[in-house]
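Novice: target.cif is reproduced in full below (mmCIF, C-alpha atoms).
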data_protein
loop_
_atom_site.group_PDB
_atom_site.id
_atom_site.type_symbol
_atom_site.label_atom_id
_atom_site.label_comp_id
_atom_site.auth_asym_id
_atom_site.auth_seq_id
_atom_site.Cartn_x
_atom_site.Cartn_y
_atom_site.Cartn_z
ATOM 1 C CA MET A 1 -32.277 14.769 0.614
ATOM 2 C CA SER A 2 -33.713 14.270 -2.850
ATOM 3 C CA VAL A 3 -31.526 14.967 -5.856
ATOM 4 C CA PHE A 4 -32.678 16.253 -9.226
ATOM 5 C CA ASN A 5 -31.096 15.593 -12.594
ATOM 6 C CA CYS A 6 -31.711 18.668 -14.733
ATOM 7 C CA SER A 7 -32.423 16.600 -17.835
ATOM 8 C CA SER A 8 -35.749 15.533 -16.341
ATOM 9 C CA LEU A 9 -36.956 17.635 -13.428
ATOM 10 C CA TYR A 10 -35.807 21.163 -12.652
ATOM 11 C CA PRO A 11 -34.703 21.935 -9.108
ATOM 12 C CA ARG A 12 -35.632 25.117 -7.267
ATOM 13 C CA PHE A 13 -33.112 27.911 -6.845
ATOM 14 C CA LEU A 14 -33.454 30.582 -4.186
ATOM 15 C CA LEU A 15 -31.658 33.917 -4.461
ATOM 16 C CA THR A 16 -30.221 35.535 -1.336
ATOM 17 C CA GLY A 17 -30.043 39.172 -0.306
ATOM 18 C CA PHE A 18 -28.502 40.328 2.956
ATOM 19 C CA SER A 19 -29.277 37.479 5.360
ATOM 20 C CA GLY A 20 -30.648 38.662 8.685
ATOM 21 C CA LEU A 21 -31.581 42.080 7.344
ATOM 22 C CA GLU A 22 -34.796 41.110 5.575
ATOM 23 C CA SER A 23 -36.848 43.585 7.646
ATOM 24 C CA ARG A 24 -34.658 46.409 6.307
ATOM 25 C CA TYR A 25 -34.800 45.487 2.629
ATOM 26 C CA GLY A 26 -36.971 48.500 1.868
ATOM 27 C CA LEU A 27 -34.299 50.816 3.242
ATOM 28 C CA ILE A 28 -31.420 48.858 1.685
ATOM 29 C CA SER A 29 -33.089 48.954 -1.725
ATOM 30 C CA LEU A 30 -33.079 52.775 -1.832
ATOM 31 C CA PRO A 31 -29.319 53.250 -2.421
ATOM 32 C CA ILE A 32 -29.338 50.265 -4.785
ATOM 33 C CA PHE A 33 -32.173 51.869 -6.765
ATOM 34 C CA LEU A 34 -30.264 55.176 -6.887
ATOM 35 C CA VAL A 35 -27.178 53.346 -8.169
ATOM 36 C CA TYR A 36 -29.209 51.645 -10.915
ATOM 37 C CA ALA A 37 -30.997 54.869 -11.871
ATOM 38 C CA THR A 38 -27.713 56.785 -12.023
ATOM 39 C CA SER A 39 -26.003 53.998 -13.989
ATOM 40 C CA VAL A 40 -28.746 53.701 -16.589
ATOM 41 C CA THR A 41 -29.196 57.471 -16.916
ATOM 42 C CA GLY A 42 -25.450 58.098 -17.117
ATOM 43 C CA ASN A 43 -24.772 55.476 -19.776
ATOM 44 C CA ILE A 44 -27.784 56.503 -21.868
ATOM 45 C CA THR A 45 -26.557 60.107 -21.642
ATOM 46 C CA ILE A 46 -23.093 59.101 -22.857
ATOM 47 C CA LEU A 47 -24.620 57.203 -25.787
ATOM 48 C CA PHE A 48 -26.956 60.094 -26.635
ATOM 49 C CA ILE A 49 -24.178 62.710 -26.551
ATOM 50 C CA ILE A 50 -21.870 60.640 -28.761
ATOM 51 C CA ARG A 51 -24.711 59.784 -31.160
ATOM 52 C CA THR A 52 -25.896 63.377 -31.604
ATOM 53 C CA GLU A 53 -22.520 65.167 -31.702
ATOM 54 C CA PRO A 54 -20.738 64.665 -35.055
ATOM 55 C CA SER A 55 -17.469 65.960 -33.567
ATOM 56 C CA LEU A 56 -17.436 62.915 -31.252
ATOM 57 C CA HIS A 57 -17.655 60.410 -34.099
ATOM 58 C CA GLN A 58 -14.065 59.322 -33.511
ATOM 59 C CA PRO A 59 -12.502 55.950 -32.561
ATOM 60 C CA MET A 60 -12.058 56.848 -28.882
ATOM 61 C CA TYR A 61 -15.743 57.702 -28.493
ATOM 62 C CA TYR A 62 -16.902 54.675 -30.471
ATOM 63 C CA PHE A 63 -15.084 52.490 -27.932
ATOM 64 C CA LEU A 64 -16.625 54.553 -25.137
ATOM 65 C CA SER A 65 -20.040 53.828 -26.684
ATOM 66 C CA MET A 66 -19.246 50.103 -26.544
ATOM 67 C CA LEU A 67 -18.352 50.464 -22.869
ATOM 68 C CA ALA A 68 -21.584 52.351 -22.145
ATOM 69 C CA LEU A 69 -23.669 49.732 -23.993
ATOM 70 C CA THR A 70 -21.958 46.954 -22.046
ATOM 71 C CA ASP A 71 -22.574 48.675 -18.713
ATOM 72 C CA LEU A 72 -26.188 49.270 -19.693
ATOM 73 C CA GLY A 73 -26.605 45.596 -20.562
ATOM 74 C CA LEU A 74 -25.044 44.508 -17.275
ATOM 75 C CA SER A 75 -27.352 46.784 -15.276
ATOM 76 C CA ILE A 76 -30.472 45.594 -17.102
ATOM 77 C CA THR A 77 -29.442 41.932 -16.670
ATOM 78 C CA THR A 78 -29.117 42.109 -12.877
ATOM 79 C CA LEU A 79 -31.892 44.602 -12.109
ATOM 80 C CA PRO A 80 -34.977 42.249 -12.255
ATOM 81 C CA THR A 81 -33.753 39.721 -9.687
ATOM 82 C CA MET A 82 -32.193 42.354 -7.433
ATOM 83 C CA PHE A 83 -35.498 44.150 -6.992
ATOM 84 C CA SER A 84 -37.581 40.977 -6.870
ATOM 85 C CA VAL A 85 -35.538 40.037 -3.788
ATOM 86 C CA PHE A 86 -35.327 43.458 -2.108
ATOM 87 C CA TRP A 87 -38.788 44.817 -2.973
ATOM 88 C CA PHE A 88 -41.014 41.749 -3.151
ATOM 89 C CA HIS A 89 -39.015 39.150 -1.152
ATOM 90 C CA ALA A 90 -39.426 36.878 -4.187
ATOM 91 C CA GLN A 91 -36.361 34.668 -3.939
ATOM 92 C CA GLU A 92 -37.218 31.760 -6.232
ATOM 93 C CA ILE A 93 -35.923 31.823 -9.793
ATOM 94 C CA PRO A 94 -36.550 29.159 -12.485
ATOM 95 C CA PHE A 95 -33.448 27.180 -13.369
ATOM 96 C CA ASN A 96 -33.494 28.172 -17.041
ATOM 97 C CA ALA A 97 -33.960 31.852 -16.137
ATOM 98 C CA CYS A 98 -31.019 31.568 -13.760
ATOM 99 C CA LEU A 99 -28.859 30.097 -16.541
ATOM 100 C CA VAL A 100 -29.871 32.899 -18.913
ATOM 101 C CA GLN A 101 -29.044 35.579 -16.354
ATOM 102 C CA MET A 102 -25.728 33.889 -15.544
ATOM 103 C CA TYR A 103 -24.907 33.721 -19.249
ATOM 104 C CA PHE A 104 -25.466 37.423 -19.888
ATOM 105 C CA ILE A 105 -23.765 38.571 -16.677
ATOM 106 C CA HIS A 106 -20.583 36.738 -17.665
ATOM 107 C CA VAL A 107 -20.877 37.724 -21.334
ATOM 108 C CA PHE A 108 -21.131 41.415 -20.474
ATOM 109 C CA SER A 109 -18.286 41.121 -17.952
ATOM 110 C CA ILE A 110 -15.995 39.546 -20.558
ATOM 111 C CA ILE A 111 -17.063 42.133 -23.140
ATOM 112 C CA GLU A 112 -16.241 44.948 -20.703
ATOM 113 C CA SER A 113 -12.793 43.498 -20.077
ATOM 114 C CA ALA A 114 -12.137 43.305 -23.834
ATOM 115 C CA VAL A 115 -13.488 46.811 -24.492
ATOM 116 C CA LEU A 116 -11.109 48.200 -21.869
ATOM 117 C CA LEU A 117 -8.269 46.424 -23.687
ATOM 118 C CA ALA A 118 -9.417 47.881 -27.020
ATOM 119 C CA MET A 119 -9.498 51.339 -25.442
ATOM 120 C CA ALA A 120 -5.912 50.869 -24.242
ATOM 121 C CA PHE A 121 -4.926 49.972 -27.809
ATOM 122 C CA ASP A 122 -6.764 53.090 -28.998
ATOM 123 C CA ARG A 123 -4.770 55.270 -26.579
ATOM 124 C CA TYR A 124 -1.499 53.630 -27.675
ATOM 125 C CA VAL A 125 -2.208 54.307 -31.357
ATOM 126 C CA ALA A 126 -3.295 57.900 -30.593
ATOM 127 C CA ILE A 127 -0.051 58.601 -28.707
ATOM 128 C CA ARG A 128 2.285 56.589 -30.920
ATOM 129 C CA GLU A 129 0.869 57.538 -34.340
ATOM 130 C CA PRO A 130 -1.201 60.735 -33.886
ATOM 131 C CA LEU A 131 -1.032 61.659 -37.576
ATOM 132 C CA ARG A 132 -2.141 58.190 -38.740
ATOM 133 C CA TYR A 133 -4.624 57.617 -35.889
ATOM 134 C CA ALA A 134 -7.779 57.968 -38.014
ATOM 135 C CA ALA A 135 -6.227 56.021 -40.884
ATOM 136 C CA ILE A 136 -5.344 53.058 -38.615
ATOM 137 C CA LEU A 137 -8.572 52.934 -36.605
ATOM 138 C CA THR A 138 -11.092 53.278 -39.420
ATOM 139 C CA ASN A 139 -14.797 52.580 -38.977
ATOM 140 C CA GLY A 140 -14.327 49.164 -40.577
ATOM 141 C CA VAL A 141 -11.533 48.240 -38.156
ATOM 142 C CA ILE A 142 -13.604 49.385 -35.158
ATOM 143 C CA ILE A 143 -16.609 47.343 -36.329
ATOM 144 C CA ARG A 144 -14.421 44.239 -36.707
ATOM 145 C CA ILE A 145 -12.949 44.787 -33.248
ATOM 146 C CA GLY A 146 -16.451 45.148 -31.786
ATOM 147 C CA LEU A 147 -17.684 41.977 -33.501
ATOM 148 C CA ALA A 148 -14.612 40.051 -32.349
ATOM 149 C CA ILE A 149 -15.134 41.228 -28.756
ATOM 150 C CA ALA A 150 -18.806 40.206 -28.740
ATOM 151 C CA GLY A 151 -18.163 36.935 -30.593
ATOM 152 C CA ARG A 152 -15.436 35.859 -28.185
ATOM 153 C CA ALA A 153 -17.608 36.505 -25.127
ATOM 154 C CA LEU A 154 -20.675 34.764 -26.572
ATOM 155 C CA ALA A 155 -18.650 31.735 -27.672
ATOM 156 C CA LEU A 156 -16.675 31.360 -24.447
ATOM 157 C CA VAL A 157 -19.667 31.452 -22.081
ATOM 158 C CA PHE A 158 -22.106 29.486 -24.283
ATOM 159 C CA PRO A 159 -20.941 25.947 -23.312
ATOM 160 C CA ALA A 160 -21.090 26.768 -19.584
ATOM 161 C CA SER A 161 -24.899 26.653 -19.520
ATOM 162 C CA PHE A 162 -25.002 23.199 -21.108
ATOM 163 C CA LEU A 163 -22.346 21.888 -18.756
ATOM 164 C CA LEU A 164 -24.381 23.117 -15.789
ATOM 165 C CA LYS A 165 -27.586 21.524 -17.126
ATOM 166 C CA ARG A 166 -25.863 18.126 -17.161
ATOM 167 C CA LEU A 167 -25.213 18.274 -13.422
ATOM 168 C CA GLN A 168 -27.405 17.098 -10.558
ATOM 169 C CA TYR A 169 -28.737 19.381 -7.839
ATOM 170 C CA ARG A 170 -30.703 19.143 -4.629
ATOM 171 C CA ALA A 171 -34.440 19.742 -4.727
ATOM 172 C CA VAL A 172 -33.924 23.194 -3.183
ATOM 173 C CA ASN A 173 -30.701 25.134 -3.722
ATOM 174 C CA VAL A 174 -29.877 28.393 -1.943
ATOM 175 C CA LEU A 175 -27.598 30.741 -3.888
ATOM 176 C CA SER A 176 -25.286 33.256 -2.237
ATOM 177 C CA TYR A 177 -26.366 36.384 -4.129
ATOM 178 C CA PRO A 178 -29.491 38.102 -5.515
ATOM 179 C CA PHE A 179 -28.360 37.079 -9.024
ATOM 180 C CA CYS A 180 -26.892 33.985 -10.677
ATOM 181 C CA LEU A 181 -23.145 33.513 -11.131
ATOM 182 C CA HIS A 182 -21.369 30.494 -12.573
ATOM 183 C CA GLN A 183 -19.182 29.867 -9.518
ATOM 184 C CA ASP A 184 -22.235 30.066 -7.259
ATOM 185 C CA LEU A 185 -24.294 27.599 -9.302
ATOM 186 C CA ILE A 186 -21.415 25.109 -9.409
ATOM 187 C CA LYS A 187 -21.213 25.207 -5.616
ATOM 188 C CA THR A 188 -24.792 23.886 -5.288
ATOM 189 C CA THR A 189 -24.330 20.750 -7.413
ATOM 190 C CA VAL A 190 -24.158 17.305 -5.800
ATOM 191 C CA SER A 191 -22.574 15.555 -8.795
ATOM 192 C CA SER A 192 -19.018 15.855 -10.097
ATOM 193 C CA ARG A 193 -18.270 19.469 -10.978
ATOM 194 C CA ARG A 194 -14.763 18.883 -12.301
ATOM 195 C CA VAL A 195 -15.459 19.554 -15.993
ATOM 196 C CA SER A 196 -17.551 22.667 -15.313
ATOM 197 C CA SER A 197 -15.003 24.018 -12.847
ATOM 198 C CA ILE A 198 -12.086 23.493 -15.229
ATOM 199 C CA TYR A 199 -14.003 25.045 -18.104
ATOM 200 C CA GLY A 200 -14.973 28.044 -15.957
ATOM 201 C CA LEU A 201 -11.327 28.524 -14.978
ATOM 202 C CA MET A 202 -10.228 28.325 -18.622
ATOM 203 C CA VAL A 203 -12.831 30.952 -19.580
ATOM 204 C CA VAL A 204 -11.465 33.321 -16.925
ATOM 205 C CA ILE A 205 -7.854 32.709 -18.024
ATOM 206 C CA TRP A 206 -8.556 33.190 -21.735
ATOM 207 C CA SER A 207 -10.714 36.269 -21.232
ATOM 208 C CA MET A 208 -10.030 38.501 -18.253
ATOM 209 C CA GLY A 209 -6.687 36.890 -17.453
ATOM 210 C CA LEU A 210 -5.365 37.403 -20.965
ATOM 211 C CA ASP A 211 -6.918 40.870 -21.212
ATOM 212 C CA SER A 212 -5.286 42.014 -17.969
ATOM 213 C CA VAL A 213 -1.846 40.890 -19.179
ATOM 214 C CA LEU A 214 -2.329 42.646 -22.521
ATOM 215 C CA LEU A 215 -3.610 45.747 -20.713
ATOM 216 C CA LEU A 216 -0.440 45.863 -18.639
ATOM 217 C CA LEU A 217 1.661 45.388 -21.774
ATOM 218 C CA SER A 218 -0.275 48.170 -23.528
ATOM 219 C CA TYR A 219 0.450 50.611 -20.736
ATOM 220 C CA LEU A 220 4.115 49.669 -20.681
ATOM 221 C CA LEU A 221 4.220 50.516 -24.403
ATOM 222 C CA ILE A 222 2.272 53.734 -23.789
ATOM 223 C CA LEU A 223 4.677 54.710 -20.997
ATOM 224 C CA ALA A 224 7.705 53.993 -23.192
ATOM 225 C CA THR A 225 6.187 56.081 -25.991
ATOM 226 C CA VAL A 226 5.371 58.970 -23.646
ATOM 227 C CA LEU A 227 8.878 58.986 -22.177
ATOM 228 C CA SER A 228 10.312 59.227 -25.683
ATOM 229 C CA ILE A 229 8.485 62.547 -26.259
ATOM 230 C CA ALA A 230 10.913 65.431 -25.908
ATOM 231 C CA SER A 231 8.536 68.084 -24.589
ATOM 232 C CA LYS A 232 7.457 67.771 -20.940
ATOM 233 C CA ALA A 233 4.173 69.551 -21.697
ATOM 234 C CA GLU A 234 3.415 67.063 -24.486
ATOM 235 C CA ARG A 235 4.237 64.142 -22.173
ATOM 236 C CA VAL A 236 1.794 65.430 -19.560
ATOM 237 C CA LYS A 237 -0.855 66.047 -22.212
ATOM 238 C CA ALA A 238 -0.432 62.508 -23.587
ATOM 239 C CA LEU A 239 -0.715 60.946 -20.131
ATOM 240 C CA ASN A 240 -3.799 63.027 -19.325
ATOM 241 C CA THR A 241 -5.638 61.387 -22.214
ATOM 242 C CA CYS A 242 -5.248 58.062 -20.387
ATOM 243 C CA ILE A 243 -6.532 59.126 -16.955
ATOM 244 C CA SER A 244 -10.195 58.300 -17.607
ATOM 245 C CA HIS A 245 -9.284 54.904 -19.022
ATOM 246 C CA ILE A 246 -7.002 54.064 -16.093
ATOM 247 C CA CYS A 247 -9.869 54.928 -13.701
ATOM 248 C CA ALA A 248 -12.222 52.657 -15.692
ATOM 249 C CA VAL A 249 -9.703 49.788 -15.566
ATOM 250 C CA LEU A 250 -9.245 50.155 -11.793
ATOM 251 C CA THR A 251 -13.017 50.420 -11.284
ATOM 252 C CA PHE A 252 -13.523 47.142 -13.167
ATOM 253 C CA TYR A 253 -10.629 45.003 -11.927
ATOM 254 C CA THR A 254 -10.437 46.111 -8.260
ATOM 255 C CA PRO A 255 -13.929 44.848 -7.243
ATOM 256 C CA MET A 256 -13.384 41.672 -9.293
ATOM 257 C CA ILE A 257 -10.114 40.916 -7.489
ATOM 258 C CA GLY A 258 -11.752 41.795 -4.168
ATOM 259 C CA LEU A 259 -14.633 39.375 -4.816
ATOM 260 C CA SER A 260 -12.194 36.615 -5.818
ATOM 261 C CA MET A 261 -10.130 37.164 -2.666
ATOM 262 C CA ILE A 262 -13.230 37.088 -0.461
ATOM 263 C CA ARG A 263 -14.423 33.851 -2.079
ATOM 264 C CA ARG A 264 -10.975 32.263 -1.757
ATOM 265 C CA TYR A 265 -9.843 33.419 1.664
ATOM 266 C CA GLY A 266 -12.965 34.781 3.364
ATOM 267 C CA GLN A 267 -14.807 31.564 4.194
ATOM 268 C CA ASN A 268 -15.214 32.780 7.781
ATOM 269 C CA ALA A 269 -16.402 36.228 6.735
ATOM 270 C CA SER A 270 -20.047 37.188 7.199
ATOM 271 C CA PRO A 271 -22.344 36.288 4.263
ATOM 272 C CA ILE A 272 -23.226 39.988 4.170
ATOM 273 C CA VAL A 273 -19.613 40.750 3.180
ATOM 274 C CA HIS A 274 -19.810 38.256 0.294
ATOM 275 C CA VAL A 275 -23.087 39.732 -0.973
ATOM 276 C CA LEU A 276 -21.773 43.270 -0.584
ATOM 277 C CA MET A 277 -18.616 42.521 -2.606
ATOM 278 C CA ALA A 278 -20.643 40.810 -5.336
ATOM 279 C CA ASN A 279 -22.928 43.835 -5.548
ATOM 280 C CA VAL A 280 -19.938 46.181 -5.716
ATOM 281 C CA TYR A 281 -18.441 44.063 -8.510
ATOM 282 C CA LEU A 282 -21.571 44.315 -10.665
ATOM 283 C CA LEU A 283 -22.911 47.756 -9.686
ATOM 284 C CA VAL A 284 -19.862 50.004 -9.339
ATOM 285 C CA PRO A 285 -18.362 49.886 -12.885
ATOM 286 C CA PRO A 286 -21.654 50.816 -14.652
ATOM 287 C CA LEU A 287 -22.095 53.594 -12.090
ATOM 288 C CA MET A 288 -18.580 55.038 -12.165
ATOM 289 C CA ASN A 289 -17.671 54.809 -15.857
ATOM 290 C CA PRO A 290 -20.101 57.481 -17.122
ATOM 291 C CA ILE A 291 -19.253 59.694 -14.132
ATOM 292 C CA VAL A 292 -15.497 59.386 -14.720
ATOM 293 C CA TYR A 293 -15.737 60.020 -18.455
ATOM 294 C CA SER A 294 -18.162 62.916 -17.980
ATOM 295 C CA VAL A 295 -15.884 64.602 -15.433
ATOM 296 C CA LYS A 296 -12.443 63.810 -16.860
ATOM 297 C CA THR A 297 -13.144 64.025 -20.608
ATOM 298 C CA ARG A 298 -13.493 67.669 -21.591
ATOM 299 C CA GLN A 299 -15.296 66.994 -24.876
ATOM 300 C CA ILE A 300 -17.980 64.875 -23.179
ATOM 301 C CA ARG A 301 -18.348 67.313 -20.269
ATOM 302 C CA GLU A 302 -18.726 70.324 -22.554
ATOM 303 C CA ARG A 303 -21.328 68.607 -24.746
ATOM 304 C CA ILE A 304 -23.389 67.588 -21.717
ATOM 305 C CA LEU A 305 -23.291 71.118 -20.288
ATOM 306 C CA LYS A 306 -24.188 72.485 -23.711
ATOM 307 C CA LYS A 307 -27.268 70.236 -23.882
ATOM 308 C CA PHE A 308 -28.381 71.306 -20.408
ATOM 309 C CA ARG A 309 -27.921 74.989 -21.209
ATOM 310 C CA LYS A 310 -29.898 74.589 -24.430
ATOM 311 C CA GLN A 311 -32.777 72.880 -22.597
ATOM 312 C CA LYS A 312 -32.694 75.473 -19.820
ATOM 313 C CA GLY A 313 -32.681 78.314 -22.339
#
Translate this structure into structure tokens?
Specialist:
Amino acid sequence: MSVFNCSSLYPRFLLTGFSGLESRYGLISLPIFLVYATSVTGNITILFIIRTEPSLHQPMYYFLSMLALTDLGLSITTLPTMFSVFWFHAQEIPFNACLVQMYFIHVFSIIESAVLLAMAFDRYVAIREPLRYAAILTNGVIIRIGLAIAGRALALVFPASFLLKRLQYRAVNVLSYPFCLHQDLIKTTVSSRRVSSIYGLMVVIWSMGLDSVLLLLSYLLILATVLSIASKAERVKALNTCISHICAVLTFYTPMIGLSMIRRYGQNASPIVHVLMANVYLLVPPLMNPIVYSVKTRQIRERILKKFRKQKG
């Protein structure tokens, strides 16, 4: 089989939906479309409510805005190829376009992990130092945190594209999903993938791996602080402020761990299971985060209901 070096000729990459169910793509695309529509609408609503309500111009809601922007970016990044496969059966994607999509998928994933960590820090400060909360998390501090989060993600993922372009591929390469992921692209190469694989592992360790450890540490500190509060009612109230964030953390990390486990131990599993887990990993967090925060956060819920009542009136 012919082999292409990406420095001269670009190989062809074919995206994959649910193999064997091509005749049902029209039906399968309906729930996927509803998920995308709900995700985009929900996150835009969160951003609109926080932007237009001066009472929500607080650190907690600024971090929530970052989370909504990240989820919006992730949805927009994956949407074009998902629907090109399921609606138009257009599987081929140019190599450079695949690298760009891969870059932004991983950038937004790393940003989301870091934003969740920043939100845990926000909850710790709010519980530990309620009187100095606004003085500690000023607008300037929040902007610097946001820039650091984005800068880290952009810098970590940037070399991955160049490492992949140095590799050799077959003339036609079939990917496992309807979007491009780093671990999937590496699997198609016919040249040595050692450097790219090691770098990809280091990116995961120094981003999501580190964030998950710091998240756990943050909640241990939050728990210790809550237990030191004398009043039981105040302890319950403090913990209730963390419920939405805990749900967001579980929604993000559970599908990611599930996808990793399937890739590592599910070699004999149906390809449909692999595609389904990958879709859950990328589609569920942007869908669930605005729902969770709209339902569990009283201030957000009340503002949304207020807007609807005003429009209805």
Novice: Report as a count of residues only the full result of the PyMOL selection byres ((chain A and resi 213-224) around 9) when it is applied to this structure.
Specialist: 21
Novice: In Å, with one decimal, what is the gap from CA of Leu47 (chain A) to CA of Ala135 (chain A)?
Specialist: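 So the two atoms, CA of Leu47 (chain A) and CA of Ala135 (chain A), lie 23.8 Å apart.
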Novice: Name the closest residue to Ser244 (chain A) among the candidates A:Leu64, A:Ser197, A:Thr188, A:Asp71; distances are taken between atoms, counting only C-alpha atoms.
Specialist: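 Using only C-alpha atoms, the shortest distance to Ser244 (chain A) belongs to A:Leu64.
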Novice: Just so the selection is clear, what residues does the PyMOL selection byres ((chain A and resi 185) around 12) cover here, as an MDAnalysis selection string?
Specialist: chainID A and resid 11:15 95 98:99 101:103 160:161 163:165 167:170 173:177 179:184 186:190 193 196:197 200
Novice: A:Thr81, A:Ala230, A:Ala114, A:Ile246: which is nearest Leu147 (chain A), counting all atoms listed in the file?
Specialist: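 Using all atoms listed in the file, Leu147 (chain A) sits closest to A:Ala114.
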Novice: For region 259-265 of chain A, take all atoms listed in the file, fit an axis-aligned box around them, add 3 Å to each of the six sides, then output centre and edge lengths in Å rounded to one decimal, as AutoDock Vina command-line options.
Specialist:
--center_x -12.2 --center_y 35.8 --center_z -2.1 --size_x 10.8 --size_y 13.1 --size_z 13.5
Novice: Just how far from CA of Ile304 (chain A) is CA of Ile291 (chain A), in Å to one decimal?
Specialist: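 So the answer is 11.7 Å.
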Novice: One number please: CA of Trp87 (chain A) to CA of Gly17 (chain A), in Å, one decimal.
Specialist: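 Between these atoms lies a distance of 10.7 Å.
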Novice: Counting all atoms listed in the file, figure out which residue out of A:Arg144, A:Leu69, A:Ser109, A:Ser75 gets nearest to Ser39 (chain A).
Specialist: A:Ser75
Novice: Output as an mmCIF file, keeping the file's coordinate frame: region 119-125 of chain A, completed with all heavy atoms.
Specialist:
data_model
loop_
_atom_site.group_PDB
_atom_site.id
_atom_site.type_symbol
_atom_site.label_atom_id
_atom_site.label_comp_id
_atom_site.auth_asym_id
_atom_site.auth_seq_id
_atom_site.Cartn_x
_atom_site.Cartn_y
_atom_site.Cartn_z
ATOM 1 N N MET A 119 -9.690 49.917 -25.733
ATOM 2 C CA MET A 119 -9.498 51.339 -25.442
ATOM 3 C C MET A 119 -8.029 51.641 -25.121
ATOM 4 O O MET A 119 -7.532 52.728 -25.442
ATOM 5 C CB MET A 119 -10.406 51.771 -24.290
ATOM 6 C CG MET A 119 -11.895 51.685 -24.616
ATOM 7 S SD MET A 119 -12.973 52.001 -23.203
ATOM 8 C CE MET A 119 -13.005 53.793 -23.206
ATOM 9 N N ALA A 120 -7.350 50.691 -24.492
ATOM 10 C CA ALA A 120 -5.912 50.869 -24.242
ATOM 11 C C ALA A 120 -5.147 50.878 -25.567
ATOM 12 O O ALA A 120 -4.222 51.683 -25.760
ATOM 13 C CB ALA A 120 -5.399 49.751 -23.336
ATOM 14 N N PHE A 121 -5.543 49.993 -26.481
ATOM 15 C CA PHE A 121 -4.926 49.972 -27.809
ATOM 16 C C PHE A 121 -5.187 51.286 -28.538
ATOM 17 O O PHE A 121 -4.290 51.842 -29.196
ATOM 18 C CB PHE A 121 -5.474 48.792 -28.612
ATOM 19 C CG PHE A 121 -5.018 48.764 -30.042
ATOM 20 C CD1 PHE A 121 -3.695 48.514 -30.366
ATOM 21 C CD2 PHE A 121 -5.916 49.003 -31.081
ATOM 22 C CE1 PHE A 121 -3.262 48.499 -31.688
ATOM 23 C CE2 PHE A 121 -5.498 48.988 -32.404
ATOM 24 C CZ PHE A 121 -4.168 48.732 -32.706
ATOM 25 N N ASP A 122 -6.405 51.800 -28.400
ATOM 26 C CA ASP A 122 -6.764 53.090 -28.998
ATOM 27 C C ASP A 122 -5.857 54.205 -28.476
ATOM 28 O O ASP A 122 -5.356 55.031 -29.243
ATOM 29 C CB ASP A 122 -8.228 53.395 -28.682
ATOM 30 C CG ASP A 122 -8.603 54.831 -28.979
ATOM 31 O OD1 ASP A 122 -8.843 55.155 -30.153
ATOM 32 O OD2 ASP A 122 -8.652 55.638 -28.025
ATOM 33 N N ARG A 123 -5.629 54.231 -27.167
ATOM 34 C CA ARG A 123 -4.770 55.270 -26.579
ATOM 35 C C ARG A 123 -3.322 55.107 -27.055
ATOM 36 O O ARG A 123 -2.626 56.098 -27.290
ATOM 37 C CB ARG A 123 -4.817 55.188 -25.047
ATOM 38 C CG ARG A 123 -6.123 55.601 -24.401
ATOM 39 C CD ARG A 123 -6.468 57.061 -24.686
ATOM 40 N NE ARG A 123 -7.111 57.217 -25.990
ATOM 41 C CZ ARG A 123 -7.018 58.298 -26.751
ATOM 42 N NH1 ARG A 123 -6.296 59.329 -26.355
ATOM 43 N NH2 ARG A 123 -7.628 58.366 -27.912
ATOM 44 N N TYR A 124 -2.872 53.867 -27.203
ATOM 45 C CA TYR A 124 -1.499 53.630 -27.675
ATOM 46 C C TYR A 124 -1.320 54.143 -29.099
ATOM 47 O O TYR A 124 -0.326 54.825 -29.407
ATOM 48 C CB TYR A 124 -1.169 52.140 -27.615
ATOM 49 C CG TYR A 124 0.161 51.795 -28.233
ATOM 50 C CD1 TYR A 124 1.358 52.219 -27.655
ATOM 51 C CD2 TYR A 124 0.229 51.038 -29.416
ATOM 52 C CE1 TYR A 124 2.582 51.912 -28.227
ATOM 53 C CE2 TYR A 124 1.441 50.739 -29.989
ATOM 54 C CZ TYR A 124 2.619 51.167 -29.387
ATOM 55 O OH TYR A 124 3.835 50.863 -29.970
ATOM 56 N N VAL A 125 -2.282 53.841 -29.969
ATOM 57 C CA VAL A 125 -2.208 54.307 -31.357
ATOM 58 C C VAL A 125 -2.262 55.833 -31.405
ATOM 59 O O VAL A 125 -1.507 56.474 -32.149
ATOM 60 C CB VAL A 125 -3.336 53.695 -32.209
ATOM 61 C CG1 VAL A 125 -3.354 54.305 -33.609
ATOM 62 C CG2 VAL A 125 -3.185 52.190 -32.294
#
